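Here's model_19.cif, which has mmCIF, C-alpha atoms, pLDDT in the B column; chains and numbers go by the auth columns:
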data_coords
#
loop_
_atom_site.group_PDB
_atom_site.id
_atom_site.type_symbol
_atom_site.label_atom_id
_atom_site.label_comp_id
_atom_site.label_asym_id
_atom_site.label_seq_id
_atom_site.Cartn_x
_atom_site.Cartn_y
_atom_site.Cartn_z
_atom_site.B_iso_or_equiv
_atom_site.auth_seq_id
_atom_site.auth_asym_id
ATOM 1 C CA MET A 1 11.593 35.243 -65.881 96.00 6 A
ATOM 2 C CA PHE A 2 10.318 33.397 -62.850 98.00 7 A
ATOM 3 C CA ARG A 3 8.781 34.925 -59.783 98.00 8 A
ATOM 4 C CA LEU A 4 6.643 34.155 -56.758 98.00 9 A
ATOM 5 C CA SER A 5 3.451 36.106 -56.179 98.00 10 A
ATOM 6 C CA GLU A 6 1.496 36.647 -52.975 98.00 11 A
ATOM 7 C CA ILE A 7 -1.444 38.068 -54.948 98.00 12 A
ATOM 8 C CA ALA A 8 -3.637 36.810 -57.794 97.00 13 A
ATOM 9 C CA ILE A 9 -1.749 36.348 -61.070 97.00 14 A
ATOM 10 C CA ASP A 10 -2.666 38.800 -63.856 97.00 15 A
ATOM 11 C CA THR A 11 -2.531 36.474 -66.848 98.00 16 A
ATOM 12 C CA ALA A 12 -3.408 39.150 -69.433 98.00 17 A
ATOM 13 C CA ALA A 13 -0.429 41.265 -68.394 97.00 18 A
ATOM 14 C CA LEU A 14 1.892 38.252 -68.494 98.00 19 A
ATOM 15 C CA ARG A 15 0.636 37.149 -71.886 97.00 20 A
ATOM 16 C CA ALA A 16 1.280 40.636 -73.264 98.00 21 A
ATOM 17 C CA GLN A 17 4.899 40.377 -72.115 98.00 22 A
ATOM 18 C CA LEU A 18 5.396 37.358 -74.394 98.00 23 A
ATOM 19 C CA ALA A 19 4.537 39.261 -77.566 97.00 24 A
ATOM 20 C CA ARG A 20 7.303 39.278 -80.195 97.00 25 A
ATOM 21 C CA ALA A 21 7.080 40.213 -83.853 97.00 26 A
ATOM 22 C CA ASP A 22 8.822 36.963 -84.822 96.00 27 A
ATOM 23 C CA ALA A 23 6.611 34.733 -82.640 98.00 28 A
ATOM 24 C CA GLY A 24 3.948 32.716 -84.424 98.00 29 A
ATOM 25 C CA ALA A 25 2.916 30.616 -81.443 98.00 30 A
ATOM 26 C CA CYS A 26 2.073 31.129 -77.779 98.00 31 A
ATOM 27 C CA VAL A 27 1.449 28.261 -75.372 98.00 32 A
ATOM 28 C CA THR A 28 0.318 28.877 -71.807 98.00 33 A
ATOM 29 C CA PHE A 29 -0.309 26.499 -68.929 98.00 34 A
ATOM 30 C CA GLU A 30 -2.468 27.248 -65.891 98.00 35 A
ATOM 31 C CA GLY A 31 -2.327 25.070 -62.786 98.00 36 A
ATOM 32 C CA TRP A 32 -5.537 25.398 -60.747 97.00 37 A
ATOM 33 C CA VAL A 33 -6.427 24.389 -57.211 97.00 38 A
ATOM 34 C CA ARG A 34 -8.516 21.231 -57.515 95.00 39 A
ATOM 35 C CA ASP A 35 -11.284 20.263 -55.073 96.00 40 A
ATOM 36 C CA ARG A 36 -9.920 16.799 -54.411 94.00 41 A
ATOM 37 C CA ASN A 37 -6.679 14.898 -54.129 92.00 42 A
ATOM 38 C CA GLY A 38 -6.270 11.175 -53.661 86.00 43 A
ATOM 39 C CA GLY A 39 -9.971 10.767 -52.921 89.00 44 A
ATOM 40 C CA LYS A 40 -10.022 13.462 -50.227 92.00 45 A
ATOM 41 C CA ALA A 41 -12.162 16.580 -50.574 95.00 46 A
ATOM 42 C CA VAL A 42 -9.930 19.678 -50.603 95.00 47 A
ATOM 43 C CA ARG A 43 -11.230 23.040 -49.326 95.00 48 A
ATOM 44 C CA GLY A 44 -8.105 25.041 -50.161 95.00 49 A
ATOM 45 C CA LEU A 45 -4.377 25.056 -49.770 96.00 50 A
ATOM 46 C CA ALA A 46 -1.395 27.110 -48.735 97.00 51 A
ATOM 47 C CA TYR A 47 1.944 27.259 -50.533 98.00 52 A
ATOM 48 C CA GLN A 48 5.120 27.864 -48.550 98.00 53 A
ATOM 49 C CA SER A 49 8.407 28.584 -50.291 98.00 54 A
ATOM 50 C CA TYR A 50 12.081 29.112 -49.683 98.00 55 A
ATOM 51 C CA ALA A 51 11.732 32.335 -51.636 97.00 56 A
ATOM 52 C CA GLU A 52 15.370 33.134 -52.328 96.00 57 A
ATOM 53 C CA LEU A 53 16.186 29.670 -53.623 97.00 58 A
ATOM 54 C CA ALA A 54 12.813 29.176 -55.338 98.00 59 A
ATOM 55 C CA GLU A 55 13.295 32.284 -57.461 98.00 60 A
ATOM 56 C CA ARG A 56 16.882 31.350 -58.245 97.00 61 A
ATOM 57 C CA GLU A 57 15.972 27.784 -59.266 98.00 62 A
ATOM 58 C CA GLY A 58 12.900 28.960 -61.179 98.00 63 A
ATOM 59 C CA ARG A 59 14.970 31.444 -63.182 98.00 64 A
ATOM 60 C CA ARG A 60 17.468 28.674 -63.915 98.00 65 A
ATOM 61 C CA ILE A 61 14.682 26.462 -65.290 98.00 66 A
ATOM 62 C CA VAL A 62 13.389 29.230 -67.570 98.00 67 A
ATOM 63 C CA GLU A 63 16.944 29.819 -68.800 98.00 68 A
ATOM 64 C CA GLU A 64 17.338 26.091 -69.472 98.00 69 A
ATOM 65 C CA ALA A 65 14.153 26.175 -71.556 98.00 70 A
ATOM 66 C CA ARG A 66 15.537 29.084 -73.571 98.00 71 A
ATOM 67 C CA GLU A 67 18.732 27.112 -74.249 98.00 72 A
ATOM 68 C CA ARG A 68 16.987 23.831 -75.118 98.00 73 A
ATOM 69 C CA PHE A 69 14.149 25.060 -77.320 98.00 74 A
ATOM 70 C CA ALA A 70 13.850 27.602 -80.130 98.00 75 A
ATOM 71 C CA ILE A 71 11.622 29.988 -78.226 98.00 76 A
ATOM 72 C CA ALA A 72 11.204 33.762 -78.173 98.00 77 A
ATOM 73 C CA ALA A 73 10.207 34.361 -74.548 98.00 78 A
ATOM 74 C CA ALA A 74 9.211 32.401 -71.452 98.00 79 A
ATOM 75 C CA LEU A 75 7.634 33.440 -68.152 98.00 80 A
ATOM 76 C CA CYS A 76 6.497 31.569 -65.063 98.00 81 A
ATOM 77 C CA VAL A 77 4.732 32.885 -61.959 98.00 82 A
ATOM 78 C CA HIS A 78 3.898 30.716 -58.942 98.00 83 A
ATOM 79 C CA ARG A 79 1.545 31.733 -56.152 98.00 84 A
ATOM 80 C CA VAL A 80 2.467 31.481 -52.492 98.00 85 A
ATOM 81 C CA GLY A 81 0.182 31.845 -49.474 97.00 86 A
ATOM 82 C CA GLU A 82 -3.469 30.827 -49.088 97.00 87 A
ATOM 83 C CA LEU A 83 -5.470 29.747 -52.151 98.00 88 A
ATOM 84 C CA ALA A 84 -9.083 28.663 -52.572 97.00 89 A
ATOM 85 C CA VAL A 85 -10.404 25.922 -54.847 97.00 90 A
ATOM 86 C CA GLY A 86 -10.439 27.148 -58.438 97.00 91 A
ATOM 87 C CA GLU A 87 -7.710 29.749 -57.976 98.00 92 A
ATOM 88 C CA LEU A 88 -4.760 29.938 -60.317 98.00 93 A
ATOM 89 C CA ALA A 89 -1.714 28.446 -58.577 98.00 94 A
ATOM 90 C CA VAL A 90 0.912 28.562 -61.320 98.00 95 A
ATOM 91 C CA TRP A 91 1.111 30.101 -64.787 98.00 96 A
ATOM 92 C CA VAL A 92 3.615 29.307 -67.526 98.00 97 A
ATOM 93 C CA GLY A 93 3.727 31.100 -70.867 98.00 98 A
ATOM 94 C CA VAL A 94 6.030 30.596 -73.836 98.00 99 A
ATOM 95 C CA SER A 95 6.142 32.331 -77.200 98.00 100 A
ATOM 96 C CA ALA A 96 8.076 30.933 -80.148 98.00 101 A
ATOM 97 C CA GLY A 97 8.383 31.072 -83.896 98.00 102 A
ATOM 98 C CA HIS A 98 6.539 27.758 -84.187 98.00 103 A
ATOM 99 C CA ARG A 99 4.229 25.715 -81.955 98.00 104 A
ATOM 100 C CA ASP A 100 6.379 22.608 -81.426 98.00 105 A
ATOM 101 C CA ALA A 101 9.036 24.515 -79.490 98.00 106 A
ATOM 102 C CA ALA A 102 6.405 26.484 -77.571 98.00 107 A
ATOM 103 C CA PHE A 103 4.580 23.323 -76.424 98.00 108 A
ATOM 104 C CA ALA A 104 7.816 21.535 -75.529 98.00 109 A
ATOM 105 C CA ALA A 105 9.264 24.451 -73.581 98.00 110 A
ATOM 106 C CA CYS A 106 6.032 25.065 -71.678 98.00 111 A
ATOM 107 C CA ARG A 107 5.897 21.387 -70.709 98.00 112 A
ATOM 108 C CA TYR A 108 9.559 21.427 -69.691 98.00 113 A
ATOM 109 C CA ILE A 109 9.122 24.459 -67.453 98.00 114 A
ATOM 110 C CA ILE A 110 6.066 23.213 -65.538 98.00 115 A
ATOM 111 C CA ASP A 111 7.543 19.720 -65.123 98.00 116 A
ATOM 112 C CA GLU A 112 10.872 21.042 -63.818 98.00 117 A
ATOM 113 C CA VAL A 113 9.203 23.616 -61.553 98.00 118 A
ATOM 114 C CA LYS A 114 7.129 20.862 -59.951 97.00 119 A
ATOM 115 C CA ARG A 115 10.194 18.647 -59.563 96.00 120 A
ATOM 116 C CA ARG A 116 12.830 21.120 -58.394 97.00 121 A
ATOM 117 C CA VAL A 117 11.610 24.468 -57.077 98.00 122 A
ATOM 118 C CA PRO A 118 11.415 24.626 -53.264 98.00 123 A
ATOM 119 C CA ILE A 119 7.691 25.262 -52.870 98.00 124 A
ATOM 120 C CA TRP A 120 5.473 23.120 -50.638 98.00 125 A
ATOM 121 C CA LYS A 121 1.722 22.597 -50.682 97.00 126 A
ATOM 122 C CA ASN A 122 -0.360 22.246 -47.535 97.00 127 A
ATOM 123 C CA GLU A 123 -3.873 21.017 -48.333 95.00 128 A
ATOM 124 C CA ARG A 124 -6.864 21.793 -46.110 95.00 129 A
ATOM 125 C CA TYR A 125 -9.407 18.991 -46.230 95.00 130 A
ATOM 126 C CA ALA A 126 -13.168 19.053 -45.823 91.00 131 A
ATOM 127 C CA ASP A 127 -12.892 16.896 -42.687 92.00 132 A
ATOM 128 C CA GLY A 128 -10.875 19.627 -40.941 90.00 133 A
ATOM 129 C CA ALA A 129 -7.500 17.918 -41.294 91.00 134 A
ATOM 130 C CA SER A 130 -4.602 19.403 -43.232 91.00 135 A
ATOM 131 C CA GLY A 131 -1.259 18.139 -44.364 91.00 136 A
ATOM 132 C CA TRP A 132 1.930 18.830 -46.273 94.00 137 A
ATOM 133 C CA LEU A 133 2.432 17.029 -49.538 93.00 138 A
ATOM 134 C CA HIS A 134 5.899 15.579 -49.847 89.00 139 A
ATOM 135 C CA PRO A 135 5.837 13.414 -52.958 82.00 140 A
ATOM 136 C CA ASP A 136 5.858 10.281 -53.125 76.00 141 A
ATOM 137 C CA ASP A 137 2.643 12.314 -52.626 50.00 142 A
ATOM 138 C CA THR A 138 1.790 10.948 -49.228 55.00 143 A
ATOM 139 C CA PRO A 139 0.766 13.772 -46.907 53.00 144 A
ATOM 140 C CA VAL A 140 2.872 14.296 -43.807 54.00 145 A
ATOM 141 C CA ALA A 141 0.758 15.542 -40.922 50.00 146 A
ATOM 142 C CA MET B 1 30.516 26.665 -35.053 96.00 244 B
ATOM 143 C CA ASN B 2 27.391 28.766 -35.304 98.00 245 B
ATOM 144 C CA TYR B 3 24.794 28.066 -37.978 98.00 246 B
ATOM 145 C CA ARG B 4 21.470 29.544 -38.945 98.00 247 B
ATOM 146 C CA LEU B 5 19.030 26.767 -39.819 98.00 248 B
ATOM 147 C CA LEU B 6 15.917 27.230 -41.980 98.00 249 B
ATOM 148 C CA TYR B 7 12.987 24.816 -41.876 98.00 250 B
ATOM 149 C CA PHE B 8 10.111 24.399 -44.313 98.00 251 B
ATOM 150 C CA ALA B 9 6.812 22.528 -44.532 97.00 252 B
ATOM 151 C CA SER B 10 6.629 19.441 -42.293 95.00 253 B
ATOM 152 C CA LEU B 11 10.163 20.003 -40.978 97.00 254 B
ATOM 153 C CA ARG B 12 9.070 23.490 -39.853 97.00 255 B
ATOM 154 C CA ASP B 13 6.072 21.984 -38.076 96.00 256 B
ATOM 155 C CA ALA B 14 8.249 19.343 -36.408 96.00 257 B
ATOM 156 C CA ALA B 15 10.863 21.901 -35.304 97.00 258 B
ATOM 157 C CA GLY B 16 8.184 24.348 -34.180 97.00 259 B
ATOM 158 C CA VAL B 17 10.168 27.257 -35.646 98.00 260 B
ATOM 159 C CA ALA B 18 10.887 28.608 -39.134 98.00 261 B
ATOM 160 C CA GLU B 19 14.526 29.220 -38.280 98.00 262 B
ATOM 161 C CA GLU B 20 16.930 28.960 -35.411 98.00 263 B
ATOM 162 C CA ARG B 21 20.559 29.585 -34.571 98.00 264 B
ATOM 163 C CA VAL B 22 22.504 26.609 -33.292 98.00 265 B
ATOM 164 C CA GLN B 23 25.999 25.910 -32.030 98.00 266 B
ATOM 165 C CA SER B 24 27.307 22.637 -33.351 97.00 267 B
ATOM 166 C CA ALA B 25 30.488 20.648 -33.788 97.00 268 B
ATOM 167 C CA ALA B 26 29.124 19.335 -37.112 97.00 269 B
ATOM 168 C CA ARG B 27 31.282 20.284 -40.071 98.00 270 B
ATOM 169 C CA ASP B 28 29.010 19.186 -42.914 98.00 271 B
ATOM 170 C CA PRO B 29 25.238 19.153 -43.565 98.00 272 B
ATOM 171 C CA ARG B 30 25.073 15.379 -43.080 97.00 273 B
ATOM 172 C CA ALA B 31 26.286 15.551 -39.485 98.00 274 B
ATOM 173 C CA LEU B 32 24.274 18.698 -38.806 98.00 275 B
ATOM 174 C CA TYR B 33 21.060 17.080 -40.049 98.00 276 B
ATOM 175 C CA ALA B 34 21.652 13.952 -37.962 97.00 277 B
ATOM 176 C CA GLU B 35 22.012 16.159 -34.908 97.00 278 B
ATOM 177 C CA GLN B 36 18.886 18.212 -35.606 97.00 279 B
ATOM 178 C CA ALA B 37 16.846 15.176 -36.639 97.00 280 B
ATOM 179 C CA ALA B 38 17.572 13.584 -33.266 96.00 281 B
ATOM 180 C CA ARG B 39 16.765 16.816 -31.417 96.00 282 B
ATOM 181 C CA HIS B 40 13.498 17.575 -33.250 97.00 283 B
ATOM 182 C CA GLY B 41 12.378 14.069 -34.189 96.00 284 B
ATOM 183 C CA PHE B 42 12.531 14.648 -37.952 96.00 285 B
ATOM 184 C CA ALA B 43 11.101 11.661 -39.807 90.00 286 B
ATOM 185 C CA PHE B 44 12.900 12.114 -43.145 94.00 287 B
ATOM 186 C CA ALA B 45 15.964 10.092 -44.026 94.00 288 B
ATOM 187 C CA PRO B 46 18.595 12.366 -45.624 94.00 289 B
ATOM 188 C CA ALA B 47 18.135 10.505 -48.929 93.00 290 B
ATOM 189 C CA ARG B 48 14.670 12.085 -49.257 94.00 291 B
ATOM 190 C CA LEU B 49 15.942 15.619 -48.610 97.00 292 B
ATOM 191 C CA ARG B 50 18.026 18.161 -50.472 97.00 293 B
ATOM 192 C CA VAL B 51 20.326 20.582 -48.707 98.00 294 B
ATOM 193 C CA ALA B 52 21.046 24.233 -49.447 98.00 295 B
ATOM 194 C CA VAL B 53 23.773 26.411 -47.959 98.00 296 B
ATOM 195 C CA ASN B 54 23.540 30.197 -48.177 97.00 297 B
ATOM 196 C CA GLY B 55 20.668 30.004 -50.665 95.00 298 B
ATOM 197 C CA ALA B 56 22.219 27.512 -53.127 96.00 299 B
ATOM 198 C CA PHE B 57 21.782 23.744 -53.482 97.00 300 B
ATOM 199 C CA THR B 58 24.831 21.796 -52.397 98.00 301 B
ATOM 200 C CA GLY B 59 25.923 18.302 -51.326 97.00 302 B
ATOM 201 C CA TRP B 60 25.691 16.615 -47.953 98.00 303 B
ATOM 202 C CA ASP B 61 29.494 16.615 -47.632 97.00 304 B
ATOM 203 C CA HIS B 62 29.853 20.359 -48.288 98.00 305 B
ATOM 204 C CA ALA B 63 32.378 21.874 -45.850 98.00 306 B
ATOM 205 C CA LEU B 64 30.432 24.288 -43.657 98.00 307 B
ATOM 206 C CA ALA B 65 31.795 27.628 -42.473 98.00 308 B
ATOM 207 C CA ASP B 66 30.945 29.510 -39.309 98.00 309 B
ATOM 208 C CA GLY B 67 27.796 31.576 -39.810 98.00 310 B
ATOM 209 C CA ASP B 68 26.452 29.539 -42.746 98.00 311 B
ATOM 210 C CA GLU B 69 22.722 29.460 -43.391 98.00 312 B
ATOM 211 C CA VAL B 70 21.684 25.834 -43.874 98.00 313 B
ATOM 212 C CA ALA B 71 18.303 24.559 -45.111 98.00 314 B
ATOM 213 C CA PHE B 72 17.144 20.942 -45.241 98.00 315 B
ATOM 214 C CA LEU B 73 14.523 20.729 -47.969 98.00 316 B
ATOM 215 C CA PRO B 74 11.756 18.097 -47.922 97.00 317 B
ATOM 216 C CA PRO B 75 10.380 16.745 -51.230 96.00 318 B
ATOM 217 C CA VAL B 76 8.725 19.684 -52.990 97.00 319 B
ATOM 218 C CA SER B 77 5.088 19.939 -54.061 96.00 320 B
ATOM 219 C CA GLY B 78 4.658 23.150 -56.018 96.00 321 B
ATOM 220 C CA GLY B 79 2.629 23.426 -59.183 93.00 322 B
#
Spit out the file's structure as structure tokens when you get a sec.
Amino acid sequence: MFRLSEIAIDTAALRAQLARADAGACVTFEGWVRDRNGGKAVRGLAYQSYAELAEREGRRIVEEARERFAIAAALCVHRVGELAVGELAVWVGVSAGHRDAAFAACRYIIDEVKRRVPIWKNERYADGASGWLHPDDTPVA
Amino acid sequence: MNYRLLYFASLRDAAGVAEERVQSAARDPRALYAEQAARHGFAFAPARLRVAVNGAFTGWDHALADGDEVAFLPPVSGG
């Protein structure tokens, strides 16, 4: 499962959804809004998405993880809208019989989400400027 | 043909709108992007963008149909 959320992510509820009797491992990843990027002080950010395609591509990535790794369940939720420093921006959780598959699948999902899902970050800087990040990671005003 | 164009992130800022309907003689996303890039002053070369038609990723030479929804997607920065 992959979805976008306009409100704070309830990690306890998500974690509970990963529970399986045959799962001996659970790996979760939390991406947080950091107070600086490339030497610039960041006050907050806003995520914009192409929601229809983002959810479709995100679900595809989670399915790929299920095919590639011996896991029991996998979930990913990504925030959209305005976020403050310290807020949870993205959450990935994987349960599996054993930890190797859980770690690998969790890493796969966050890496592919960052690379492929149509979500864009606009950082607001302490000096009043703001800009879209379009990796090679240079902001585009 | 008539197309509905969607813009995101810096392309949305450059276009000044999130979406627009255009009439165009372009028959594939490559020609359509060239047209819109000239009109709006988009800075991205097509090689840095991906294109989606009707909510699915596709290629720049995809044959467009009247009424298609076309999105030019800048490099993403989620996570």
Quiz prompt | Nearby residues (all atoms listed in the file) at most 9 Å from A:Arg112, same-chain spacing under 4 positions excluded, as a VMD selection string | solution = chain A and resid 34 97 107 to 108 116 to 117
Per-residue nearest contacts chain A to chain B, cut-off 9 Å, using all atoms listed in the file, as a Markdown table:
| residue | atom | partner | partner_atom | distance |
| --- | --- | --- | --- | --- |
| A:Gly36 | CA | B:Gly322 | CA | 6.3 |
| A:Trp37 | CA | B:Gly322 | CA | 8.5 |
| A:Tyr52 | CA | B:Gly321 | CA | 7.4 |
| A:Gln53 | CA | B:Ala252 | CA | 6.9 |
| A:Ser54 | CA | B:Phe251 | CA | 7.5 |
| A:Tyr55 | CA | B:Phe251 | CA | 7.4 |
| A:Glu57 | CA | B:Gly298 | CA | 6.4 |
| A:Leu58 | CA | B:Gly298 | CA | 5.4 |
| A:Arg61 | CA | B:Ala299 | CA | 8.3 |
| A:Glu62 | CA | B:Ala299 | CA | 8.8 |
| A:His83 | CA | B:Gly322 | CA | 7.4 |
| A:Arg84 | CA | B:Gly322 | CA | 8.9 |
| A:Ala94 | CA | B:Gly322 | CA | 6.7 |
| A:Val95 | CA | B:Gly322 | CA | 5.8 |
| A:Trp96 | CA | B:Gly322 | CA | 8.8 |
| A:Ile115 | CA | B:Gly322 | CA | 7.2 |
| A:Asp116 | CA | B:Gly322 | CA | 8.6 |
| A:Val118 | CA | B:Gly322 | CA | 7.0 |
| A:Lys119 | CA | B:Gly321 | CA | 5.2 |
| A:Arg120 | CA | B:Val319 | CA | 6.8 |
| A:Arg121 | CA | B:Val319 | CA | 6.9 |
| A:Val122 | CA | B:Val319 | CA | 6.9 |
| A:Pro123 | CA | B:Val319 | CA | 5.6 |
| A:Ile124 | CA | B:Gly321 | CA | 4.9 |
| A:Trp125 | CA | B:Ser320 | CA | 4.7 |
| A:Lys126 | CA | B:Ser320 | CA | 5.5 |
| A:Asn127 | CA | B:Ala252 | CA | 7.8 |
| A:Gly136 | CA | B:Ser253 | CA | 8.3 |
| A:Trp137 | CA | B:Ser253 | CA | 6.2 |
| A:Leu138 | CA | B:Ser320 | CA | 6.0 |
| A:His139 | CA | B:Pro318 | CA | 4.8 |
| A:Pro140 | CA | B:Pro318 | CA | 5.9 |
| A:Asp141 | CA | B:Pro318 | CA | 8.1 |
| A:Asp142 | CA | B:Ser320 | CA | 8.1 |
| A:Val145 | CA | B:Ser253 | CA | 6.5 |
| A:Ala146 | CA | B:Ser253 | CA | 7.2 |
Self-check item: Answer as a list of chain:residue names, residues within 9 Å of (13.5, 21.3, -36.4) using only C-alpha atoms
Solution: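 Every residue inside that radius is included here: B:Leu248, B:Leu249, B:Tyr250, B:Leu254, B:Arg255, B:Asp256, B:Ala257, B:Ala258, B:Gly259, B:Val260, B:Ala261, B:Glu262, B:Glu263, B:Gln279, B:Ala280, B:Arg282, B:His283, B:Gly284, B:Phe285.
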Self-check item: Atomic separation - atom CA of A:Arg8 relative to atom CA of A:Gly29, Å
Solution: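 The value is 25.2 Å.
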Once 6 Å is added on each side, what are the centre and the three edge lengths, in Å to one decimal, of the axis-aligned box enclosing the listed atoms of stretch 248-264 of chain B? Present them as JSON.
{"center_x": 13.3, "center_y": 24.5, "center_z": -39.4, "size_x": 26.5, "size_y": 22.2, "size_z": 22.4}
Self-check item: Which residue of A:Met6, A:Cys31, A:Ala75, A:Ala89 approaches A:Arg129 most closely, using all atoms listed in the file
Solution: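 Ranked by minimum distance to A:Arg129, first place goes to A:Ala89.
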Exercise. Check which residues satisfy the PyMOL selection byres ((chain B and resi 264) around 6) in the file shown, then give them as number ranges by chain.
Key: B: 246-247, 263, 265
Self-check item: Residues within 9 Å of B:Trp303, all atoms listed in the file, excluding chain neighbours under 5 positions, as a ChimeraX atom specification
Solution: /B:271-274,289,293-294
Quiz item: Can you tell me, as a PyMOL selection string, what residues are no more than 10 Å from A:Ala106 when counting all atoms listed in the file, ignoring any on the same chain fewer than 6 positions away?
Solution: chain A and resi 30-32+70-71+73-77+99-100+112
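The coordinates place atom CA of A:Leu19 at 15.6 Å from atom CA of A:Ile114.
Picture a line from atom CA of B:Ala308 to atom CA of B:Arg270; it runs 7.7 Å.
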Quiz item: Out of A:Val90, A:Thr33, A:His103, A:Ala26, which residue has the shortest atom-to-atom distance to A:Ala46 when counting all atoms listed in the file?
Solution: A:Val90
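Nearest to A:Val82 of all the residues A:Gly102, A:Glu35, A:Arg65, A:Asp132 is A:Glu35, based on all atoms listed in the file.
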Could I get stretch 107-123 of chain A rebuilt with N, CA and C atoms, written as a PDB file, keeping the file's coordinate frame?
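Here's the written file selection-v3.pdb:
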ATOM      1  N   ALA A 107       7.177  25.837 -78.637  1.00 98.00           N
ATOM      2  CA  ALA A 107       6.405  26.484 -77.571  1.00 98.00           C
ATOM      3  C   ALA A 107       5.772  25.438 -76.649  1.00 98.00           C
ATOM      4  N   PHE A 108       5.164  24.393 -77.238  1.00 98.00           N
ATOM      5  CA  PHE A 108       4.580  23.323 -76.424  1.00 98.00           C
ATOM      6  C   PHE A 108       5.662  22.628 -75.594  1.00 98.00           C
ATOM      7  N   ALA A 109       6.769  22.293 -76.218  1.00 98.00           N
ATOM      8  CA  ALA A 109       7.816  21.535 -75.529  1.00 98.00           C
ATOM      9  C   ALA A 109       8.417  22.342 -74.382  1.00 98.00           C
ATOM     10  N   ALA A 110       8.658  23.616 -74.619  1.00 98.00           N
ATOM     11  CA  ALA A 110       9.264  24.451 -73.581  1.00 98.00           C
ATOM     12  C   ALA A 110       8.300  24.666 -72.429  1.00 98.00           C
ATOM     13  N   CYS A 111       7.038  24.866 -72.724  1.00 98.00           N
ATOM     14  CA  CYS A 111       6.032  25.065 -71.678  1.00 98.00           C
ATOM     15  C   CYS A 111       5.958  23.813 -70.806  1.00 98.00           C
ATOM     16  N   ARG A 112       5.938  22.650 -71.437  1.00 98.00           N
ATOM     17  CA  ARG A 112       5.897  21.387 -70.709  1.00 98.00           C
ATOM     18  C   ARG A 112       7.147  21.204 -69.858  1.00 98.00           C
ATOM     19  N   TYR A 113       8.301  21.549 -70.425  1.00 98.00           N
ATOM     20  CA  TYR A 113       9.559  21.427 -69.691  1.00 98.00           C
ATOM     21  C   TYR A 113       9.526  22.290 -68.425  1.00 98.00           C
ATOM     22  N   ILE A 114       9.097  23.532 -68.594  1.00 98.00           N
ATOM     23  CA  ILE A 114       9.122  24.459 -67.453  1.00 98.00           C
ATOM     24  C   ILE A 114       8.202  23.982 -66.332  1.00 98.00           C
ATOM     25  N   ILE A 115       6.963  23.613 -66.637  1.00 98.00           N
ATOM     26  CA  ILE A 115       6.066  23.213 -65.538  1.00 98.00           C
ATOM     27  C   ILE A 115       6.551  21.907 -64.894  1.00 98.00           C
ATOM     28  N   ASP A 116       7.057  20.979 -65.700  1.00 98.00           N
ATOM     29  CA  ASP A 116       7.543  19.720 -65.123  1.00 98.00           C
ATOM     30  C   ASP A 116       8.738  19.956 -64.201  1.00 98.00           C
ATOM     31  N   GLU A 117       9.674  20.791 -64.625  1.00 98.00           N
ATOM     32  CA  GLU A 117      10.872  21.042 -63.818  1.00 98.00           C
ATOM     33  C   GLU A 117      10.540  21.870 -62.581  1.00 98.00           C
ATOM     34  N   VAL A 118       9.619  22.823 -62.717  1.00 98.00           N
ATOM     35  CA  VAL A 118       9.203  23.616 -61.553  1.00 98.00           C
ATOM     36  C   VAL A 118       8.618  22.690 -60.486  1.00 98.00           C
ATOM     37  N   LYS A 119       7.748  21.776 -60.913  1.00 97.00           N
ATOM     38  CA  LYS A 119       7.129  20.862 -59.951  1.00 97.00           C
ATOM     39  C   LYS A 119       8.166  19.941 -59.305  1.00 97.00           C
ATOM     40  N   ARG A 120       9.202  19.606 -60.041  1.00 96.00           N
ATOM     41  CA  ARG A 120      10.194  18.647 -59.563  1.00 96.00           C
ATOM     42  C   ARG A 120      11.268  19.290 -58.694  1.00 96.00           C
ATOM     43  N   ARG A 121      11.602  20.547 -58.976  1.00 97.00           N
ATOM     44  CA  ARG A 121      12.830  21.120 -58.394  1.00 97.00           C
ATOM     45  C   ARG A 121      12.668  22.346 -57.515  1.00 97.00           C
ATOM     46  N   VAL A 122      11.659  23.167 -57.767  1.00 98.00           N
ATOM     47  CA  VAL A 122      11.610  24.468 -57.077  1.00 98.00           C
ATOM     48  C   VAL A 122      11.094  24.287 -55.648  1.00 98.00           C
ATOM     49  N   PRO A 123      11.814  24.841 -54.659  1.00 98.00           N
ATOM     50  CA  PRO A 123      11.415  24.626 -53.264  1.00 98.00           C
ATOM     51  C   PRO A 123      10.150  25.405 -52.876  1.00 98.00           C
TER      52      PRO A 123
END
